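Notes follow once the structure below has been shown.
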Amino acid sequence: MLIQVIGVGKLKEKYLVQGIQEYAKRLTPYIKFQVIEVADEKAPDTLSEAEVSIVKEREGERILAQVKESAHVIALAIGGQLWSSEELAAELDRLGTYGTSHVVFVIGGSHGLSDQVLRRAQQRLSFGRMTLPHQLMRLVLVEQIYRAVKINRGEPYHK
């Protein structure tokens, strides 16, 4: 199985980079795993709604350029489905067995995901109603992917 995480912007915080690298290393014996960073759109802190829409569209184009047609896309969105770690594990197992062995998780930039990316996604996943920085969300997601793999293998990490 190939699982990719596509995120907007380059991680600068050393602790986040190290955490993601650690979980990516732990995943190596089990699956093919890749984190892809796409450039964020440079913009001032205050934007009109129209400008925010343009930023999301440009970032969305960069995201979609990285997504293969055959991939199953799961977009992280506050309005998405809430899954437990066990439900995420079951969904990845189901996709690997009956769907596609190529799953792409997409994390938008600070303004979220474009409508085009959300339409491309087969599923939307939420980690709750709280807003988390998109950079931190990458680490949380990678940890949950690792946890899901361990659950599916019946190994003790998830306890």
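By order of appearance in the structure tokens: chains A, B, ..., then residues from 1 within every chain, and ligands from 1 in the order shown.
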*Considering only C-alpha atoms, return as a PyMOL selection string whatever protein or nucleic-acid residues lie within 8 Å of Leu16 (chain A), sequence-local ones (same chain, fewer than 6 positions apart) excluded.*
chain A and resi 135-136+139
Give me the residues within 12 Å of Lys32 (chain A) as a PDB file with N, CA, C and O atoms, in the first residue's frame, counting only C-alpha atoms and dropping any in the same chain fewer than 5 places off.
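part.pdb, written as the output of this step:
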```pdb
ATOM      1  N   MET A   1       0.845  -1.178   0.000  1.00  0.00           N
ATOM      2  CA  MET A   1       0.000   0.000   0.000  1.00  0.00           C
ATOM      3  C   MET A   1       0.887   1.237   0.000  1.00  0.00           C
ATOM      4  O   MET A   1       1.902   1.280   0.676  1.00  0.00           O
ATOM      5  N   LEU A   2       0.476   2.250  -0.767  1.00  0.00           N
ATOM      6  CA  LEU A   2       1.142   3.545  -0.776  1.00  0.00           C
ATOM      7  C   LEU A   2       0.209   4.559  -0.141  1.00  0.00           C
ATOM      8  O   LEU A   2      -0.936   4.723  -0.577  1.00  0.00           O
ATOM      9  N   ILE A   3       0.695   5.218   0.895  1.00  0.00           N
ATOM     10  CA  ILE A   3      -0.050   6.304   1.528  1.00  0.00           C
ATOM     11  C   ILE A   3       0.797   7.559   1.405  1.00  0.00           C
ATOM     12  O   ILE A   3       1.972   7.571   1.763  1.00  0.00           O
ATOM     13  N   GLN A   4       0.169   8.602   0.879  1.00  0.00           N
ATOM     14  CA  GLN A   4       0.824   9.892   0.749  1.00  0.00           C
ATOM     15  C   GLN A   4       0.053  10.929   1.564  1.00  0.00           C
ATOM     16  O   GLN A   4      -1.173  10.857   1.663  1.00  0.00           O
ATOM     17  N   VAL A   5       0.787  11.872   2.113  1.00  0.00           N
ATOM     18  CA  VAL A   5       0.204  13.031   2.770  1.00  0.00           C
ATOM     19  C   VAL A   5       0.681  14.242   1.984  1.00  0.00           C
ATOM     20  O   VAL A   5       1.882  14.463   1.852  1.00  0.00           O
ATOM     21  N   ALA A  24       7.475   8.368   9.881  1.00  0.00           N
ATOM     22  CA  ALA A  24       7.713   7.881   8.521  1.00  0.00           C
ATOM     23  C   ALA A  24       8.698   6.705   8.560  1.00  0.00           C
ATOM     24  O   ALA A  24       8.510   5.704   7.862  1.00  0.00           O
ATOM     25  N   LYS A  25       9.719   6.821   9.387  1.00  0.00           N
ATOM     26  CA  LYS A  25      10.707   5.734   9.534  1.00  0.00           C
ATOM     27  C   LYS A  25      10.030   4.480  10.114  1.00  0.00           C
ATOM     28  O   LYS A  25      10.275   3.367   9.656  1.00  0.00           O
ATOM     29  N   ARG A  26       9.173   4.673  11.091  1.00  0.00           N
ATOM     30  CA  ARG A  26       8.467   3.543  11.705  1.00  0.00           C
ATOM     31  C   ARG A  26       7.520   2.855  10.710  1.00  0.00           C
ATOM     32  O   ARG A  26       7.264   1.661  10.826  1.00  0.00           O
ATOM     33  N   LEU A  27       6.997   3.610   9.760  1.00  0.00           N
ATOM     34  CA  LEU A  27       6.073   3.048   8.758  1.00  0.00           C
ATOM     35  C   LEU A  27       6.788   2.236   7.680  1.00  0.00           C
ATOM     36  O   LEU A  27       6.175   1.389   7.023  1.00  0.00           O
ATOM     37  N   SER A 101      -4.924   0.642  -3.516  1.00  0.00           N
ATOM     38  CA  SER A 101      -3.777   0.534  -2.618  1.00  0.00           C
ATOM     39  C   SER A 101      -2.988   1.845  -2.604  1.00  0.00           C
ATOM     40  O   SER A 101      -1.873   1.892  -2.111  1.00  0.00           O
ATOM     41  N   HIS A 102      -3.578   2.914  -3.154  1.00  0.00           N
ATOM     42  CA  HIS A 102      -2.942   4.228  -3.163  1.00  0.00           C
ATOM     43  C   HIS A 102      -3.911   5.226  -2.529  1.00  0.00           C
ATOM     44  O   HIS A 102      -4.932   5.576  -3.121  1.00  0.00           O
ATOM     45  N   VAL A 103      -3.574   5.668  -1.327  1.00  0.00           N
ATOM     46  CA  VAL A 103      -4.423   6.597  -0.582  1.00  0.00           C
ATOM     47  C   VAL A 103      -3.653   7.891  -0.378  1.00  0.00           C
ATOM     48  O   VAL A 103      -2.477   7.878   0.005  1.00  0.00           O
ATOM     49  N   VAL A 104      -4.325   9.003  -0.638  1.00  0.00           N
ATOM     50  CA  VAL A 104      -3.725  10.324  -0.466  1.00  0.00           C
ATOM     51  C   VAL A 104      -4.555  11.112   0.540  1.00  0.00           C
ATOM     52  O   VAL A 104      -5.755  11.308   0.342  1.00  0.00           O
ATOM     53  N   ILE A 145      -1.843   7.559  11.146  1.00  0.00           N
ATOM     54  CA  ILE A 145      -1.620   6.556  10.099  1.00  0.00           C
ATOM     55  C   ILE A 145      -0.774   5.422  10.667  1.00  0.00           C
ATOM     56  O   ILE A 145      -1.074   4.243  10.462  1.00  0.00           O
ATOM     57  N   TYR A 146       0.280   5.776  11.403  1.00  0.00           N
ATOM     58  CA  TYR A 146       1.119   4.752  12.035  1.00  0.00           C
ATOM     59  C   TYR A 146       0.293   3.912  13.009  1.00  0.00           C
ATOM     60  O   TYR A 146       0.359   2.679  13.023  1.00  0.00           O
ATOM     61  N   VAL A 149      -1.918   1.475  11.121  1.00  0.00           N
ATOM     62  CA  VAL A 149      -1.150   0.338  10.601  1.00  0.00           C
ATOM     63  C   VAL A 149      -0.890  -0.665  11.720  1.00  0.00           C
ATOM     64  O   VAL A 149      -1.044  -1.881  11.529  1.00  0.00           O
TER      65      VAL A 149
END
```
(message) Set the distance at 12 Å and use only C-alpha atoms: which residues neighbour Asp115 (chain A) once local chain neighbours fewer than 6 positions away are removed? I'd like the list as a PyMOL selection string.
(response) chain A and resi 53-61+64+75+77+108+121
For Asn152 (chain A), the closest of A:Tyr15, A:Trp83, A:Tyr30, A:Tyr23 counting only C-alpha atoms is A:Tyr30
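If you measure from each of A:Ser110, A:Val17, A:Val73, A:Ile31 to Arg153 (chain A) using only C-alpha atoms, the closest one turns out to be A:Ile31.
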Q) Among region 106-146 of chain A, which ones does DSSP place in alpha helix (DSSP H), written as a PyMOL selection string? A) chain A and resi 115-120+134-146
Output N, CA, C and O atoms for every residue in that selection, as a PDB file, in the first residue's frame.
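And here's again-v6.pdb as it stands now:
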```pdb
ATOM      1  N   ASP A 115     -12.552  24.353  -3.305  1.00  0.00           N
ATOM      2  CA  ASP A 115     -13.706  23.522  -3.670  1.00  0.00           C
ATOM      3  C   ASP A 115     -13.299  22.428  -4.643  1.00  0.00           C
ATOM      4  O   ASP A 115     -13.818  21.314  -4.592  1.00  0.00           O
ATOM      5  N   GLN A 116     -12.363  22.732  -5.520  1.00  0.00           N
ATOM      6  CA  GLN A 116     -11.909  21.749  -6.507  1.00  0.00           C
ATOM      7  C   GLN A 116     -11.262  20.549  -5.820  1.00  0.00           C
ATOM      8  O   GLN A 116     -11.507  19.404  -6.194  1.00  0.00           O
ATOM      9  N   VAL A 117     -10.455  20.786  -4.809  1.00  0.00           N
ATOM     10  CA  VAL A 117      -9.828  19.684  -4.065  1.00  0.00           C
ATOM     11  C   VAL A 117     -10.901  18.903  -3.303  1.00  0.00           C
ATOM     12  O   VAL A 117     -10.893  17.669  -3.297  1.00  0.00           O
ATOM     13  N   LEU A 118     -11.820  19.603  -2.684  1.00  0.00           N
ATOM     14  CA  LEU A 118     -12.883  18.924  -1.926  1.00  0.00           C
ATOM     15  C   LEU A 118     -13.754  18.070  -2.854  1.00  0.00           C
ATOM     16  O   LEU A 118     -14.191  16.988  -2.466  1.00  0.00           O
ATOM     17  N   ARG A 119     -13.998  18.531  -4.073  1.00  0.00           N
ATOM     18  CA  ARG A 119     -14.771  17.726  -5.023  1.00  0.00           C
ATOM     19  C   ARG A 119     -13.998  16.493  -5.468  1.00  0.00           C
ATOM     20  O   ARG A 119     -14.578  15.446  -5.730  1.00  0.00           O
ATOM     21  N   ARG A 120     -12.672  16.603  -5.583  1.00  0.00           N
ATOM     22  CA  ARG A 120     -11.847  15.466  -6.007  1.00  0.00           C
ATOM     23  C   ARG A 120     -11.791  14.380  -4.933  1.00  0.00           C
ATOM     24  O   ARG A 120     -11.631  13.201  -5.213  1.00  0.00           O
ATOM     25  N   HIS A 134      -2.215  23.897  10.388  1.00  0.00           N
ATOM     26  CA  HIS A 134      -2.063  22.854   9.373  1.00  0.00           C
ATOM     27  C   HIS A 134      -0.715  22.152   9.487  1.00  0.00           C
ATOM     28  O   HIS A 134      -0.605  20.970   9.170  1.00  0.00           O
ATOM     29  N   GLN A 135       0.316  22.841   9.994  1.00  0.00           N
ATOM     30  CA  GLN A 135       1.610  22.207  10.156  1.00  0.00           C
ATOM     31  C   GLN A 135       1.556  21.134  11.247  1.00  0.00           C
ATOM     32  O   GLN A 135       2.082  20.037  11.085  1.00  0.00           O
ATOM     33  N   LEU A 136       0.908  21.435  12.358  1.00  0.00           N
ATOM     34  CA  LEU A 136       0.763  20.469  13.448  1.00  0.00           C
ATOM     35  C   LEU A 136      -0.122  19.304  13.012  1.00  0.00           C
ATOM     36  O   LEU A 136       0.111  18.155  13.375  1.00  0.00           O
ATOM     37  N   MET A 137      -1.122  19.615  12.195  1.00  0.00           N
ATOM     38  CA  MET A 137      -2.034  18.565  11.720  1.00  0.00           C
ATOM     39  C   MET A 137      -1.291  17.485  10.958  1.00  0.00           C
ATOM     40  O   MET A 137      -1.647  16.310  11.017  1.00  0.00           O
ATOM     41  N   ARG A 138      -0.243  17.868  10.240  1.00  0.00           N
ATOM     42  CA  ARG A 138       0.556  16.874   9.517  1.00  0.00           C
ATOM     43  C   ARG A 138       1.129  15.833  10.457  1.00  0.00           C
ATOM     44  O   ARG A 138       1.062  14.636  10.196  1.00  0.00           O
ATOM     45  N   LEU A 139       1.699  16.294  11.563  1.00  0.00           N
ATOM     46  CA  LEU A 139       2.277  15.370  12.541  1.00  0.00           C
ATOM     47  C   LEU A 139       1.199  14.495  13.157  1.00  0.00           C
ATOM     48  O   LEU A 139       1.359  13.275  13.275  1.00  0.00           O
ATOM     49  N   VAL A 140       0.087  15.079  13.532  1.00  0.00           N
ATOM     50  CA  VAL A 140      -1.011  14.314  14.128  1.00  0.00           C
ATOM     51  C   VAL A 140      -1.512  13.258  13.147  1.00  0.00           C
ATOM     52  O   VAL A 140      -1.716  12.095  13.511  1.00  0.00           O
ATOM     53  N   LEU A 141      -1.683  13.622  11.893  1.00  0.00           N
ATOM     54  CA  LEU A 141      -2.153  12.683  10.881  1.00  0.00           C
ATOM     55  C   LEU A 141      -1.170  11.536  10.682  1.00  0.00           C
ATOM     56  O   LEU A 141      -1.570  10.366  10.640  1.00  0.00           O
ATOM     57  N   VAL A 142       0.111  11.835  10.571  1.00  0.00           N
ATOM     58  CA  VAL A 142       1.109  10.786  10.348  1.00  0.00           C
ATOM     59  C   VAL A 142       1.136   9.829  11.540  1.00  0.00           C
ATOM     60  O   VAL A 142       1.237   8.608  11.365  1.00  0.00           O
ATOM     61  N   GLU A 143       1.014  10.370  12.744  1.00  0.00           N
ATOM     62  CA  GLU A 143       0.951   9.492  13.925  1.00  0.00           C
ATOM     63  C   GLU A 143      -0.269   8.588  13.841  1.00  0.00           C
ATOM     64  O   GLU A 143      -0.196   7.397  14.156  1.00  0.00           O
ATOM     65  N   GLN A 144      -1.404   9.112  13.427  1.00  0.00           N
ATOM     66  CA  GLN A 144      -2.623   8.305  13.333  1.00  0.00           C
ATOM     67  C   GLN A 144      -2.523   7.255  12.222  1.00  0.00           C
ATOM     68  O   GLN A 144      -3.063   6.154  12.363  1.00  0.00           O
ATOM     69  N   ILE A 145      -1.843   7.559  11.146  1.00  0.00           N
ATOM     70  CA  ILE A 145      -1.620   6.556  10.099  1.00  0.00           C
ATOM     71  C   ILE A 145      -0.774   5.422  10.667  1.00  0.00           C
ATOM     72  O   ILE A 145      -1.074   4.243  10.462  1.00  0.00           O
ATOM     73  N   TYR A 146       0.280   5.776  11.403  1.00  0.00           N
ATOM     74  CA  TYR A 146       1.119   4.752  12.035  1.00  0.00           C
ATOM     75  C   TYR A 146       0.293   3.912  13.009  1.00  0.00           C
ATOM     76  O   TYR A 146       0.359   2.679  13.023  1.00  0.00           O
TER      77      TYR A 146
END
```
Considering only C-alpha atoms, return as a VMD selection string whatever protein or nucleic-acid residues lie within 7 Å of Gly109 (chain A), sequence-local ones (same chain, fewer than 6 positions apart) excluded. chain A and resid 8 to 9 40 134
Judged by only C-alpha atoms, the minimum distance to Arg129 (chain A) among A:Gly80, A:Gly96, A:Gly112, A:Pro156 is found for A:Gly80
Report the distance between CA of Gly99 (chain A) and CA of Ser114 (chain A) in Å, rounded to one decimal place.
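Taking CA of Gly99 (chain A) and CA of Ser114 (chain A), their separation equals 25.0 Å.
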Self-check item: All strand (DSSP E or B) residues (DSSP, backbone) inside region 42-135 of chain A, as a PyMOL selection string
Solution: chain A and resi 72-82+102-107+109+112+123-126
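Of the residues listed (A:Lys150, A:His111, A:Lys10, A:Lys68), A:His111 shows the shortest atom-to-atom separation from Thr131 (chain A); distances use only C-alpha atoms.
Reported to one decimal place, the separation of CA of Ala65 (chain A) from CA of Gly7 (chain A) is 12.6 Å.
In this comparison, which uses only C-alpha atoms, the residue of A:Ser48, A:Leu125, A:Met130, A:Lys42 approaching Gln81 (chain A) most closely is A:Leu125.
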